[in-house]
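File shown here: protein.csv, holding CSV, C-alpha atoms.
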```csv
chain,number,residue,atom,x,y,z
D,1,MET,CA,15.6,-147.0,-22.4
D,2,LYS,CA,15.0,-144.7,-25.3
D,3,PHE,CA,13.1,-147.4,-27.1
D,4,PHE,CA,10.1,-146.7,-24.9
D,5,ASN,CA,9.9,-143.2,-26.5
D,6,ARG,CA,9.1,-144.5,-29.9
D,7,GLN,CA,5.5,-145.3,-29.3
D,8,ARG,CA,2.2,-144.5,-31.0
D,9,GLY,CA,1.2,-142.5,-28.0
D,10,LYS,CA,-0.9,-143.8,-25.0
D,11,SER,CA,-3.2,-145.5,-27.4
D,12,GLY,CA,-0.4,-148.0,-28.3
D,13,TYR,CA,-0.3,-149.3,-24.7
D,14,PHE,CA,-4.1,-149.4,-24.5
D,15,GLU,CA,-4.3,-151.3,-27.8
D,16,SER,CA,-1.6,-153.8,-26.7
D,17,ILE,CA,-3.5,-154.5,-23.4
D,18,VAL,CA,-6.7,-155.1,-25.3
D,19,LEU,CA,-5.0,-157.3,-27.8
D,20,THR,CA,-3.3,-159.3,-25.0
D,21,LEU,CA,-6.6,-159.8,-23.2
D,22,LEU,CA,-8.2,-161.0,-26.4
D,23,TYR,CA,-5.3,-163.3,-27.0
D,24,LEU,CA,-5.6,-164.8,-23.5
D,25,ALA,CA,-9.4,-165.1,-23.9
D,26,ALA,CA,-9.0,-166.9,-27.2
D,27,GLY,CA,-6.3,-169.2,-25.6
D,28,TYR,CA,-8.6,-170.1,-22.8
D,29,TYR,CA,-11.5,-170.8,-25.2
D,30,PHE,CA,-9.5,-173.1,-27.5
D,31,SER,CA,-7.2,-174.6,-24.8
D,32,PRO,CA,-8.4,-174.1,-21.2
D,33,ALA,CA,-5.4,-176.1,-19.9
D,34,ASP,CA,-3.0,-173.7,-21.7
D,35,PRO,CA,-4.6,-170.2,-22.0
D,36,CYS,CA,-1.2,-168.6,-22.9
D,37,LEU,CA,-0.7,-171.1,-25.7
D,38,VAL,CA,2.9,-171.7,-24.6
D,39,HIS,CA,2.8,-175.4,-25.3
D,40,MET,CA,1.5,-175.3,-28.8
D,41,ASP,CA,3.4,-177.0,-31.7
D,42,ILE,CA,3.3,-173.6,-33.4
D,43,PRO,CA,5.1,-170.7,-31.5
D,44,VAL,CA,1.8,-168.7,-31.2
D,45,ILE,CA,3.1,-166.6,-28.3
D,46,THR,CA,6.2,-165.6,-30.2
D,47,ILE,CA,4.2,-164.6,-33.3
D,48,PHE,CA,1.8,-162.6,-31.1
D,49,LEU,CA,4.5,-160.7,-29.2
D,50,ALA,CA,6.3,-160.0,-32.5
D,51,LEU,CA,3.2,-158.4,-34.0
D,52,VAL,CA,2.5,-156.3,-31.0
D,53,THR,CA,6.1,-155.1,-30.5
D,54,LEU,CA,6.9,-154.4,-34.2
D,55,TYR,CA,3.7,-152.4,-34.6
D,56,HIS,CA,3.5,-150.5,-31.2
D,57,GLY,CA,7.1,-150.6,-29.9
D,58,LEU,CA,9.1,-152.0,-27.1
D,59,GLY,CA,6.9,-150.6,-24.3
D,60,ALA,CA,3.8,-152.2,-25.6
D,61,GLY,CA,5.6,-155.5,-26.2
D,62,VAL,CA,6.8,-155.5,-22.6
D,63,VAL,CA,3.3,-154.7,-21.3
D,64,SER,CA,1.9,-157.6,-23.2
D,65,LEU,CA,4.6,-160.0,-22.0
D,66,LEU,CA,4.0,-159.0,-18.4
D,67,LEU,CA,0.3,-159.6,-18.7
D,68,ILE,CA,1.0,-163.0,-20.2
D,69,GLY,CA,3.6,-163.7,-17.5
D,70,ALA,CA,1.1,-162.8,-14.7
D,71,VAL,CA,-1.4,-165.3,-16.1
D,72,MET,CA,1.4,-168.0,-16.4
D,73,LYS,CA,2.4,-167.3,-12.8
D,74,HIS,CA,-1.1,-167.7,-11.3
D,75,TYR,CA,-2.7,-170.2,-13.7
D,76,TYR,CA,0.1,-172.7,-14.4
D,77,LEU,CA,1.4,-175.2,-11.9
D,78,GLN,CA,5.0,-174.3,-12.7
D,79,PHE,CA,6.2,-170.9,-14.0
D,80,ASP,CA,8.4,-171.5,-17.1
D,81,ILE,CA,11.1,-168.9,-16.4
D,82,ALA,CA,13.2,-170.1,-19.4
D,83,LEU,CA,10.3,-169.5,-21.8
D,84,PHE,CA,9.5,-166.2,-20.3
D,85,LEU,CA,13.1,-164.9,-20.5
D,86,SER,CA,13.5,-166.2,-24.1
D,87,GLN,CA,10.4,-164.3,-25.1
D,88,PHE,CA,11.7,-161.2,-23.3
D,89,VAL,CA,14.9,-161.3,-25.3
D,90,LEU,CA,12.9,-161.6,-28.5
D,91,VAL,CA,10.7,-158.7,-27.5
D,92,LEU,CA,13.9,-156.6,-27.0
D,93,ILE,CA,15.1,-157.5,-30.5
D,94,TYR,CA,11.7,-156.6,-32.0
D,95,GLY,CA,11.7,-153.3,-30.0
D,96,GLU,CA,15.1,-152.4,-31.4
D,97,PHE,CA,14.0,-153.1,-34.9
D,98,HIS,CA,10.9,-151.0,-34.3
D,99,TYR,CA,12.9,-148.1,-32.9
D,100,TYR,CA,15.4,-147.9,-35.8
D,101,TRP,CA,12.7,-148.4,-38.4
D,102,HIS,CA,10.7,-145.5,-37.1
D,103,ARG,CA,13.8,-143.4,-36.7
D,104,ILE,CA,14.5,-143.9,-40.4
D,105,ILE,CA,10.9,-143.1,-41.3
D,106,ASP,CA,11.0,-139.9,-39.1
D,107,GLU,CA,14.3,-138.8,-40.7
D,108,LYS,CA,12.9,-139.2,-44.2
D,109,ARG,CA,9.7,-137.5,-43.3
D,110,TYR,CA,11.5,-134.5,-41.8
D,111,LYS,CA,13.8,-134.3,-44.8
D,112,LEU,CA,10.8,-134.2,-47.1
D,113,ASP,CA,9.1,-131.6,-44.9
D,114,TYR,CA,12.2,-129.4,-45.0
D,115,LEU,CA,12.3,-129.6,-48.8
D,116,ASP,CA,8.6,-129.0,-49.1
D,117,ASN,CA,8.8,-126.0,-46.9
D,118,LYS,CA,11.8,-124.7,-48.7
D,119,PHE,CA,10.0,-125.1,-52.1
D,120,ASP,CA,6.9,-123.4,-50.7
D,121,GLU,CA,8.9,-120.5,-49.4
D,122,MET,CA,10.5,-120.0,-52.8
D,123,VAL,CA,7.1,-120.2,-54.5
D,124,LYS,CA,5.7,-117.5,-52.2
D,125,ALA,CA,8.8,-115.3,-52.7
D,126,PHE,CA,8.5,-115.6,-56.4
D,127,TYR,CA,4.8,-114.6,-56.4
D,128,ALA,CA,5.6,-111.8,-54.0
D,129,LEU,CA,8.2,-110.5,-56.4
D,130,LYS,CA,5.8,-110.9,-59.4
D,131,ILE,CA,3.1,-109.0,-57.5
D,132,SER,CA,5.4,-106.2,-56.5
D,133,HIS,CA,6.4,-105.7,-60.1
D,134,ASP,CA,2.8,-105.9,-61.4
D,135,GLN,CA,1.4,-103.2,-59.0
D,136,LEU,CA,3.4,-100.4,-57.3
D,137,GLU,CA,2.3,-99.2,-53.9
D,138,LYS,CA,-0.3,-96.4,-54.2
D,139,MET,CA,0.8,-94.8,-50.9
D,140,TYR,CA,4.3,-94.0,-52.3
D,141,VAL,CA,3.6,-91.5,-55.0
D,142,VAL,CA,6.6,-89.3,-54.8
D,143,LYS,CA,9.0,-92.2,-54.3
D,144,PRO,CA,7.5,-95.4,-55.8
D,145,MET,CA,8.1,-98.6,-53.9
D,146,SER,CA,7.1,-102.1,-54.8
D,147,LEU,CA,5.0,-104.3,-52.5
D,148,ARG,CA,8.0,-106.5,-51.8
D,149,SER,CA,10.2,-103.5,-50.9
D,150,ALA,CA,7.4,-102.2,-48.6
D,151,LEU,CA,7.2,-105.6,-46.9
D,152,GLU,CA,11.0,-105.7,-46.4
D,153,MET,CA,10.8,-102.2,-44.9
D,154,ILE,CA,8.1,-103.4,-42.5
D,155,LEU,CA,10.0,-106.5,-41.6
D,156,GLY,CA,13.0,-104.4,-40.9
D,157,LYS,CA,11.1,-102.8,-38.0
D,158,TYR,CA,10.1,-106.1,-36.4
D,159,LYS,CA,12.9,-106.4,-33.8
D,160,GLU,CA,12.3,-103.0,-32.4
D,161,LYS,CA,8.6,-102.3,-33.0
D,162,THR,CA,6.7,-105.5,-33.2
D,163,ASP,CA,3.2,-104.0,-32.9
D,164,GLN,CA,4.0,-101.3,-35.5
D,165,ALA,CA,5.3,-103.9,-38.0
D,166,TYR,CA,2.0,-105.8,-37.8
D,167,ALA,CA,0.0,-102.6,-38.0
D,168,GLU,CA,1.9,-101.4,-41.0
D,169,PHE,CA,1.3,-104.7,-42.8
D,170,LEU,CA,-2.5,-104.1,-42.4
D,171,LEU,CA,-2.0,-100.5,-43.6
D,172,LEU,CA,-0.2,-101.9,-46.6
D,173,LEU,CA,-3.2,-104.1,-47.4
D,174,GLN,CA,-5.5,-101.1,-46.9
D,175,LYS,CA,-3.6,-98.9,-49.3
D,176,SER,CA,-2.9,-101.5,-52.0
D,177,TYR,CA,-6.1,-103.6,-52.0
D,178,SER,CA,-8.7,-101.3,-50.3
D,179,VAL,CA,-9.0,-103.6,-47.2
D,180,GLN,CA,-11.2,-101.4,-44.9
D,181,THR,CA,-11.2,-103.5,-41.7
D,182,ALA,CA,-8.9,-106.4,-40.9
D,183,LEU,CA,-7.4,-108.1,-37.9
D,184,LEU,CA,-4.1,-110.0,-37.6
D,185,ALA,CA,-4.0,-112.5,-34.7
D,186,ARG,CA,-1.7,-115.3,-33.5
D,187,LEU,CA,-3.1,-118.7,-32.7
D,188,GLU,CA,-2.1,-120.1,-29.3
D,189,ASP,CA,-3.8,-123.1,-27.7
D,190,GLU,CA,-7.1,-122.6,-29.5
D,191,THR,CA,-7.1,-118.9,-28.6
D,192,LEU,CA,-6.7,-115.9,-30.9
D,193,LYS,CA,-4.4,-113.2,-29.6
D,194,PRO,CA,-4.8,-110.0,-31.7
D,195,LEU,CA,-1.5,-108.5,-32.9
D,196,ALA,CA,-3.0,-105.6,-34.9
D,197,VAL,CA,-6.4,-104.4,-36.0
D,198,GLU,CA,-7.6,-102.0,-38.6
D,199,GLY,CA,-11.1,-100.7,-38.0
D,200,ASP,CA,-13.8,-102.2,-35.7
D,201,LEU,CA,-13.2,-105.9,-35.7
D,202,ASN,CA,-13.0,-108.6,-33.0
D,203,ALA,CA,-11.2,-111.9,-33.0
D,204,ASP,CA,-13.7,-114.8,-32.8
D,205,TYR,CA,-12.1,-118.3,-32.7
D,206,ASP,CA,-15.5,-120.0,-33.0
D,207,ASP,CA,-16.5,-118.1,-36.2
D,208,PRO,CA,-17.3,-120.7,-38.9
D,209,LEU,CA,-15.0,-119.1,-41.4
D,210,VAL,CA,-12.1,-119.2,-38.9
D,211,GLN,CA,-12.9,-122.9,-38.2
D,212,LYS,CA,-12.9,-123.7,-41.9
D,213,ALA,CA,-9.5,-122.0,-42.4
D,214,LEU,CA,-8.1,-123.9,-39.5
D,215,GLU,CA,-9.4,-127.2,-40.6
D,216,LYS,CA,-8.3,-127.0,-44.3
D,217,LYS,CA,-5.2,-124.8,-43.6
D,218,ASN,CA,-6.2,-122.8,-46.6
D,219,PRO,CA,-7.9,-119.4,-47.1
D,220,ALA,CA,-11.7,-119.4,-46.4
D,221,PHE,CA,-13.9,-116.9,-48.3
D,222,ILE,CA,-17.5,-116.1,-47.5
D,223,ALA,CA,-18.3,-116.2,-51.2
D,224,ASP,CA,-17.6,-120.0,-51.1
D,225,ASP,CA,-20.1,-120.4,-48.3
D,226,PRO,CA,-22.5,-117.5,-48.4
D,227,HIS,CA,-24.9,-119.1,-45.9
D,228,ALA,CA,-22.2,-119.2,-43.1
D,229,ASN,CA,-23.0,-116.8,-40.2
D,230,SER,CA,-19.6,-115.2,-40.2
D,231,SER,CA,-18.3,-111.8,-39.2
D,232,TYR,CA,-15.6,-111.9,-41.8
D,233,MET,CA,-15.4,-111.8,-45.6
D,234,ALA,CA,-12.2,-113.8,-45.7
D,235,VAL,CA,-9.9,-115.6,-43.2
D,236,ILE,CA,-6.4,-116.3,-44.4
D,237,PRO,CA,-4.1,-118.6,-42.3
D,238,GLY,CA,-0.3,-118.1,-42.0
D,239,LEU,CA,1.4,-121.5,-41.7
D,240,GLN,CA,4.6,-122.5,-40.0
D,241,ALA,CA,5.8,-126.1,-40.5
D,242,ASP,CA,2.3,-127.0,-41.8
D,243,GLN,CA,0.7,-125.7,-38.7
D,244,VAL,CA,-1.5,-122.6,-38.5
D,245,LYS,CA,0.2,-119.9,-36.4
D,246,TRP,CA,-1.3,-116.7,-37.7
D,247,LEU,CA,-4.8,-115.7,-39.0
D,248,LEU,CA,-5.6,-112.6,-41.1
D,249,MET,CA,-9.3,-111.9,-40.8
D,250,ILE,CA,-10.8,-109.4,-43.3
D,251,GLY,CA,-14.0,-107.8,-42.2
D,252,LYS,CA,-14.8,-105.3,-44.9
D,253,MET,CA,-13.6,-104.3,-48.4
D,254,PRO,CA,-15.3,-102.7,-51.4
D,255,PHE,CA,-17.4,-104.9,-53.6
D,256,LEU,CA,-15.2,-104.2,-56.7
D,257,SER,CA,-12.1,-105.2,-54.9
D,258,TYR,CA,-13.5,-108.4,-53.4
D,259,ASN,CA,-12.6,-110.9,-56.1
D,260,LYS,CA,-10.6,-114.1,-56.3
D,261,ASP,CA,-7.5,-112.6,-57.8
D,262,THR,CA,-7.2,-109.9,-55.1
D,263,LEU,CA,-7.8,-112.4,-52.2
D,264,ILE,CA,-5.3,-114.9,-53.6
D,265,THR,CA,-2.8,-112.1,-53.9
D,266,ILE,CA,-3.4,-111.1,-50.3
D,267,ALA,CA,-3.1,-114.7,-49.2
D,268,ILE,CA,0.3,-115.0,-50.9
D,269,LEU,CA,1.5,-111.8,-49.3
D,270,MET,CA,0.2,-113.0,-46.0
D,271,GLN,CA,2.2,-116.2,-46.2
D,272,TYR,CA,5.3,-114.5,-47.4
D,273,PHE,CA,5.0,-112.0,-44.5
D,274,CYS,CA,4.6,-114.9,-42.1
D,275,TYR,CA,7.7,-116.7,-43.5
D,276,GLN,CA,9.8,-113.6,-43.1
D,277,MET,CA,8.5,-113.0,-39.6
D,278,GLN,CA,9.4,-116.6,-38.6
D,279,LYS,CA,12.8,-116.1,-40.2
D,280,LYS,CA,13.4,-113.0,-38.0
D,281,LEU,CA,12.4,-115.1,-34.9
D,282,ILE,CA,14.8,-117.9,-35.8
D,283,LEU,CA,17.6,-115.5,-36.6
D,284,GLY,CA,17.0,-113.8,-33.2
D,285,ASP,CA,17.5,-117.1,-31.4
D,286,ALA,CA,20.5,-118.2,-33.6
D,287,LYS,CA,23.0,-115.7,-32.1
D,288,LEU,CA,25.4,-116.2,-35.0
D,289,PRO,CA,28.1,-113.7,-35.9
D,290,ALA,CA,27.1,-110.8,-38.1
D,291,VAL,CA,29.8,-111.7,-40.7
D,292,PHE,CA,27.4,-114.4,-42.1
D,293,ASN,CA,24.7,-113.3,-44.5
D,294,GLU,CA,21.1,-113.6,-43.3
D,295,GLU,CA,20.2,-116.5,-45.5
D,296,PHE,CA,23.2,-118.6,-44.4
D,297,SER,CA,22.5,-117.9,-40.7
D,298,TYR,CA,18.8,-118.8,-41.1
D,299,GLU,CA,19.3,-122.1,-42.9
D,300,LEU,CA,22.2,-123.0,-40.6
D,301,GLN,CA,19.9,-122.6,-37.5
D,302,ARG,CA,17.0,-124.5,-39.1
D,303,LEU,CA,19.3,-127.4,-40.1
D,304,SER,CA,21.0,-127.4,-36.7
D,305,LEU,CA,17.6,-128.0,-35.1
D,306,LEU,CA,16.9,-130.8,-37.6
D,307,GLU,CA,20.3,-132.4,-36.9
D,308,LYS,CA,19.8,-132.1,-33.1
D,309,GLU,CA,16.3,-133.6,-33.1
D,310,PHE,CA,16.6,-136.3,-35.8
D,311,HIS,CA,20.4,-136.7,-36.4
D,312,VAL,CA,19.9,-135.7,-40.1
D,313,ASN,CA,23.3,-135.0,-41.6
D,314,SER,CA,24.2,-131.6,-43.1
D,315,MET,CA,27.7,-130.3,-43.7
D,316,LEU,CA,29.7,-127.1,-43.6
D,317,LEU,CA,32.7,-126.5,-45.9
D,318,VAL,CA,35.2,-123.7,-45.3
D,319,PHE,CA,37.8,-122.5,-47.7
D,320,LYS,CA,40.6,-120.3,-46.4
D,321,THR,CA,43.3,-118.5,-48.4
D,322,LYS,CA,45.6,-115.4,-48.1
D,323,ASP,CA,45.5,-114.7,-51.9
D,324,PRO,CA,42.8,-112.2,-52.7
D,325,LEU,CA,42.9,-113.1,-56.4
D,326,LEU,CA,42.5,-116.8,-55.6
D,327,TYR,CA,39.6,-116.0,-53.3
D,328,HIS,CA,37.9,-114.0,-56.0
D,329,LEU,CA,38.2,-116.9,-58.5
D,330,LEU,CA,37.1,-119.3,-55.8
D,331,ASP,CA,34.0,-117.2,-55.1
D,332,GLN,CA,33.0,-117.2,-58.8
D,333,LYS,CA,33.5,-120.9,-59.2
D,334,VAL,CA,31.7,-121.8,-56.0
D,335,ARG,CA,28.6,-119.7,-56.9
D,336,HIS,CA,28.4,-121.2,-60.4
D,337,SER,CA,28.8,-124.7,-59.1
D,338,ILE,CA,26.5,-124.9,-56.1
D,339,ARG,CA,22.9,-126.2,-56.2
D,340,LEU,CA,19.9,-124.1,-55.2
D,341,LEU,CA,19.8,-125.4,-51.7
D,342,GLU,CA,23.5,-124.9,-51.0
D,343,ILE,CA,24.3,-121.5,-49.5
D,344,PRO,CA,27.6,-119.7,-49.5
D,345,THR,CA,28.9,-116.8,-47.3
D,346,GLY,CA,32.3,-115.2,-47.1
D,347,TYR,CA,34.3,-112.5,-45.3
D,348,SER,CA,37.9,-111.3,-45.0
D,349,ARG,CA,39.8,-110.6,-41.8
D,350,HIS,CA,43.5,-109.9,-40.9
D,351,GLY,CA,44.6,-110.7,-44.4
D,352,LEU,CA,42.8,-114.0,-44.6
D,353,HIS,CA,39.8,-114.7,-46.8
D,354,TYR,CA,37.1,-117.2,-45.7
D,355,MET,CA,34.3,-118.8,-47.7
D,356,ALA,CA,31.8,-121.1,-45.9
D,357,ILE,CA,29.3,-123.2,-47.8
D,358,LEU,CA,26.3,-124.9,-46.1
D,359,PHE,CA,25.3,-128.3,-47.7
D,360,PRO,CA,21.9,-129.4,-46.5
D,361,LEU,CA,21.1,-133.1,-46.1
D,362,VAL,CA,24.4,-134.5,-47.4
D,363,ASP,CA,27.3,-136.5,-46.0
D,364,ASP,CA,31.1,-136.1,-46.1
D,365,ALA,CA,31.5,-137.9,-49.4
D,366,ALA,CA,29.3,-135.4,-51.3
D,367,VAL,CA,31.3,-132.5,-49.9
D,368,GLU,CA,34.7,-134.0,-50.8
D,369,GLY,CA,33.4,-134.6,-54.3
D,370,PHE,CA,32.4,-130.9,-54.5
D,371,VAL,CA,35.9,-129.9,-53.3
D,372,ALA,CA,37.5,-132.0,-55.9
D,373,ARG,CA,35.5,-130.4,-58.7
D,374,ILE,CA,36.3,-126.9,-57.4
D,375,LYS,CA,40.0,-127.6,-57.2
D,376,GLU,CA,39.9,-129.0,-60.7
D,377,SER,CA,38.2,-125.9,-62.1
D,378,ILE,CA,41.0,-123.6,-60.7
D,379,ALA,CA,43.9,-126.1,-61.2
D,380,GLU,CA,45.8,-123.5,-63.2
D,381,GLU,CA,46.1,-121.2,-60.2
D,382,ASN,CA,48.6,-121.6,-57.4
D,383,LEU,CA,46.7,-123.6,-54.7
D,384,GLU,CA,49.4,-123.7,-52.1
D,385,SER,CA,47.8,-121.0,-50.0
D,386,LEU,CA,44.3,-122.7,-50.2
D,387,THR,CA,43.2,-124.8,-47.3
D,388,TYR,CA,39.8,-126.2,-46.4
D,389,ALA,CA,38.0,-128.1,-43.7
D,390,THR,CA,34.6,-129.8,-43.3
D,391,PHE,CA,32.4,-129.8,-40.2
D,392,ARG,CA,29.2,-131.3,-39.0
D,393,LEU,CA,26.5,-128.9,-37.7
D,394,ASN,CA,27.1,-130.1,-34.1
D,395,GLN,CA,30.7,-128.9,-34.4
D,396,ARG,CA,29.8,-125.2,-34.5
D,397,LYS,CA,32.5,-124.1,-32.1
D,398,LEU,CA,35.2,-125.8,-34.2
D,399,PHE,CA,33.7,-124.2,-37.4
D,400,LEU,CA,33.7,-120.7,-35.9
D,401,ARG,CA,37.2,-121.2,-34.5
D,402,TYR,CA,38.5,-122.3,-38.0
D,403,MET,CA,37.0,-119.1,-39.4
D,404,GLY,CA,38.7,-117.0,-36.8
D,405,ILE,CA,35.4,-116.1,-35.1
D,406,GLU,CA,34.6,-116.4,-31.4
D,407,ASP,CA,31.3,-118.1,-30.6
D,408,GLU,CA,29.0,-115.3,-29.4
```

If you convert what's in this file into structure tokens, what do you get?
Amino acid sequence: MKFFNRQRGKSGYFESIVLTLLYLAAGYYFSPADPCLVHMDIPVITIFLALVTLYHGLGAGVVSLLLIGAVMKHYYLQFDIALFLSQFVLVLIYGEFHYYWHRIIDEKRYKLDYLDNKFDEMVKAFYALKISHDQLEKMYVVKPMSLRSALEMILGKYKEKTDQAYAEFLLLLQKSYSVQTALLARLEDETLKPLAVEGDLNADYDDPLVQKALEKKNPAFIADDPHANSSYMAVIPGLQADQVKWLLMIGKMPFLSYNKDTLITIAILMQYFCYQMQKKLILGDAKLPAVFNEEFSYELQRLSLLEKEFHVNSMLLVFKTKDPLLYHLLDQKVRHSIRLLEIPTGYSRHGLHYMAILFPLVDDAAVEGFVARIKESIAEENLESLTYATFRLNQRKLFLRYMGIEDE
């Protein structure tokens, strides 16, 4: 049964065994003739099994009941099968409650993590935009290019030339912030795998500055801990889903460039770069039609994984019309009415115009309310040619079929 999967790990079973042994020892101490405390006026055994199962889950509750049943079988003159089965039924009920309670908690936690990550991505994108407008790239003298534009150009090479993309990111830091030696590595199973290196620098997982960055999940600077025996001046982590996946280790840079503002700027660019790299990876796995814009495809894939793992609802809405003027007005109204998290995309094919909108973390009722508001805003137009349909994320084939696209 799937209830057994909702445990607190192996420690849950171990703790339930220890608690049961303590329960039996206490029962033997206070009532040697009834160590399982099954004949007490107060239903002590029911209370004990309820506490164990509600906290640790069905598996732990069954383990405790089996231990108690074994003692009842060998210690009592007659095994009370009716009592044992009644307690088993109660344990099943407690286990069901534990399962659904933790499922709700996991769903809410994942929703919050998704929103936190989305907000963090937007913050990093904002600062990357601000930095790119504050300081133009020094290496592009004839044709000035902002830092953000340079990053996008580097990321554009990711699919074809992975190593070159990483190397060009280090070159960007060298030209913009005078980083003389640096190493970019991926963290895999407590091992640093170098992706690109500028200068003479080695990846050292046991370096104290690396360990500090991994522990705190924040940039670690030698200036904050001058007595640390480190080979680096700064170690900047790149996070994915609140886990460190990349590390940028700076070995040498000029004294005048080594200051908090510069290092914070590099940290922001590093995290922005990591977000975009992860975005490319997810888009590569998504295999969605090219008619969708990149942002729509990226969020659709992320939310599909969320729906598949935690059954968290998100919705797709598709408008379809043959009237190009109505489509133009619809596009304007939709883009002015959607919230920040809601992402539209559209395309035209064989005289039909399609607009799809992704609604994260909502149900059917919210989408129907949105449709009603859009229809009301364009009520003066002829809406006979306008049709729409809503889909859940696990109905991808139906969604693509409605949009006239084959699932690739």

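By chain and then residue number, the residues within 12 Å of range 257-261 of chain D are D:Ile131, D:Leu173, D:Gln174, D:Lys175, D:Ser176, D:Tyr177, D:Ser178, D:Val179, D:Gln180, D:Pro219, D:Ala220, D:Phe221, D:Ile222, D:Ala223, D:Asp224, D:Met233, D:Ala234, D:Ile250, D:Gly251, D:Lys252, D:Met253, D:Pro254, D:Ile264, D:Thr265, D:Ile266, D:Ala267, D:Ile268, counting only C-alpha atoms and disregarding those fewer than 3 positions away in sequence.
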
Write out as CSV the residues of range 292-398 of chain D that have any atom within 9 Å of an atom of range 88-109 of chain D, one row each with the nearest atom pair and its distance in Å to one decimal, counting all atoms listed in the file, sorted by chain and then rising number.
```
residue,atom,partner,partner_atom,distance
D:Leu306,CA,D:Glu107,CA,9.0
D:Phe310,CA,D:Glu107,CA,6.0
D:His311,CA,D:Glu107,CA,7.8
D:Val312,CA,D:Glu107,CA,6.4
```

To one decimal place, how far is CA of Phe319 in chain D from CA of Ser304 in chain D in Å? 20.7 Å

Would you kindly return, as an MDAnalysis selection string, each protein, DNA or RNA residue with an atom no farther than 7 Å from any atom of Trp246 in chain D, considering only C-alpha atoms and excluding same-chain residues fewer than 3 positions away? chainID D and resid 185:187 237:239

Who sits within 10 Å of Tyr354 in chain D, all atoms listed in the file, same chain under 4 positions skipped, as a ChimeraX atom specification: /D:318-322,327,331,345-349,387-388,402-404

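Take the candidates D:Ala203, D:Leu317, D:Leu398, D:Ile47 and check each one against Ala366 in chain D using all atoms listed in the file; the shortest distance goes to D:Leu317.
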
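The coordinates place CA of Asp41 in chain D at 18.3 Å from CA of Ile68 in chain D.
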
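Residue neighbourhood of Thr191 in chain D, excluding near-sequence residues (fewer than 6 positions): Ala185, Ala203, Asp204, Tyr205, Asp206, Val210, Gln211, Val244, Lys245, Trp246 and Leu247 of chain D, at 12 Å, using only C-alpha atoms.
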
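Take CA of Val367 in chain D and CA of Phe399 in chain D: the distance between them is 15.2 Å.
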
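Proximity to Pro324 in chain D was assessed for D:Gln78, D:Asn394, D:Gly284, D:Gly351 counting only C-alpha atoms; the smallest distance is recorded for D:Gly351.
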
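Once Leu21 in chain D and its same-chain neighbours fewer than 5 positions away are set aside, Glu15, Ser16, Ala26, Gly27, Ser64, Leu67 and Ile68 of chain D remain within 10 Å of it when counting all atoms listed in the file.
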
Save out the residues we just selected, C-alpha atoms, as a PDB file, in the coordinates of the input.
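See again24.pdb below for the written result:
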```
ATOM      1  CA  GLU D  15      -4.300-151.300 -27.800  1.00  0.00           C
ATOM      2  CA  SER D  16      -1.600-153.800 -26.700  1.00  0.00           C
ATOM      3  CA  ALA D  26      -9.000-166.900 -27.200  1.00  0.00           C
ATOM      4  CA  GLY D  27      -6.300-169.200 -25.600  1.00  0.00           C
ATOM      5  CA  SER D  64       1.900-157.600 -23.200  1.00  0.00           C
ATOM      6  CA  LEU D  67       0.300-159.600 -18.700  1.00  0.00           C
ATOM      7  CA  ILE D  68       1.000-163.000 -20.200  1.00  0.00           C
TER       8      ILE D  68
END
```

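With all atoms listed in the file as the basis for measurement, D:Lys118 is the residue among D:Glu307, D:Lys118, D:Pro194, D:Leu256 that approaches Glu342 in chain D most closely.
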
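Across D:Gln271, D:Asn229, D:Thr20, D:Ser297, the tightest approach to Ile357 in chain D is made by D:Ser297 when counting only C-alpha atoms.
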
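Proximity ranking of D:Leu386, D:Asp189, D:His328, D:Gln240 relative to Tyr272 in chain D places D:Gln240 first, based on all atoms listed in the file.
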
Between D:Leu248, D:Gln243, D:Met315, D:Glu381, which is the closest to Tyr166 in chain D once you count all atoms listed in the file? D:Leu248

For the structure just given, write the atoms of range 283-289 of chain D, namely N, CA and C atoms, as a PDB file, in the first residue's frame.
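Output file result06.pdb is given in full below:
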```
ATOM      1  N   LEU D 283      14.123  22.713 -20.856  1.00  0.00           N
ATOM      2  CA  LEU D 283      13.539  22.865 -22.185  1.00  0.00           C
ATOM      3  C   LEU D 283      14.011  21.751 -23.114  1.00  0.00           C
ATOM      4  N   GLY D 284      15.249  21.320 -22.932  1.00  0.00           N
ATOM      5  CA  GLY D 284      15.753  20.230 -23.757  1.00  0.00           C
ATOM      6  C   GLY D 284      15.016  18.927 -23.504  1.00  0.00           C
ATOM      7  N   ASP D 285      14.580  18.715 -22.241  1.00  0.00           N
ATOM      8  CA  ASP D 285      13.852  17.494 -21.897  1.00  0.00           C
ATOM      9  C   ASP D 285      12.360  17.588 -22.212  1.00  0.00           C
ATOM     10  N   ALA D 286      11.845  18.808 -22.368  1.00  0.00           N
ATOM     11  CA  ALA D 286      10.404  19.008 -22.511  1.00  0.00           C
ATOM     12  C   ALA D 286       9.870  18.476 -23.835  1.00  0.00           C
ATOM     13  N   LYS D 287      10.625  18.665 -24.927  1.00  0.00           N
ATOM     14  CA  LYS D 287      10.217  18.223 -26.260  1.00  0.00           C
ATOM     15  C   LYS D 287       8.852  18.777 -26.641  1.00  0.00           C
ATOM     16  N   LEU D 288       8.684  20.075 -26.409  1.00  0.00           N
ATOM     17  CA  LEU D 288       7.437  20.739 -26.769  1.00  0.00           C
ATOM     18  C   LEU D 288       7.561  21.381 -28.146  1.00  0.00           C
ATOM     19  N   PRO D 289       6.448  21.572 -28.850  1.00  0.00           N
ATOM     20  CA  PRO D 289       6.499  22.183 -30.181  1.00  0.00           C
ATOM     21  C   PRO D 289       7.132  23.564 -30.157  1.00  0.00           C
TER      22      PRO D 289
END
```
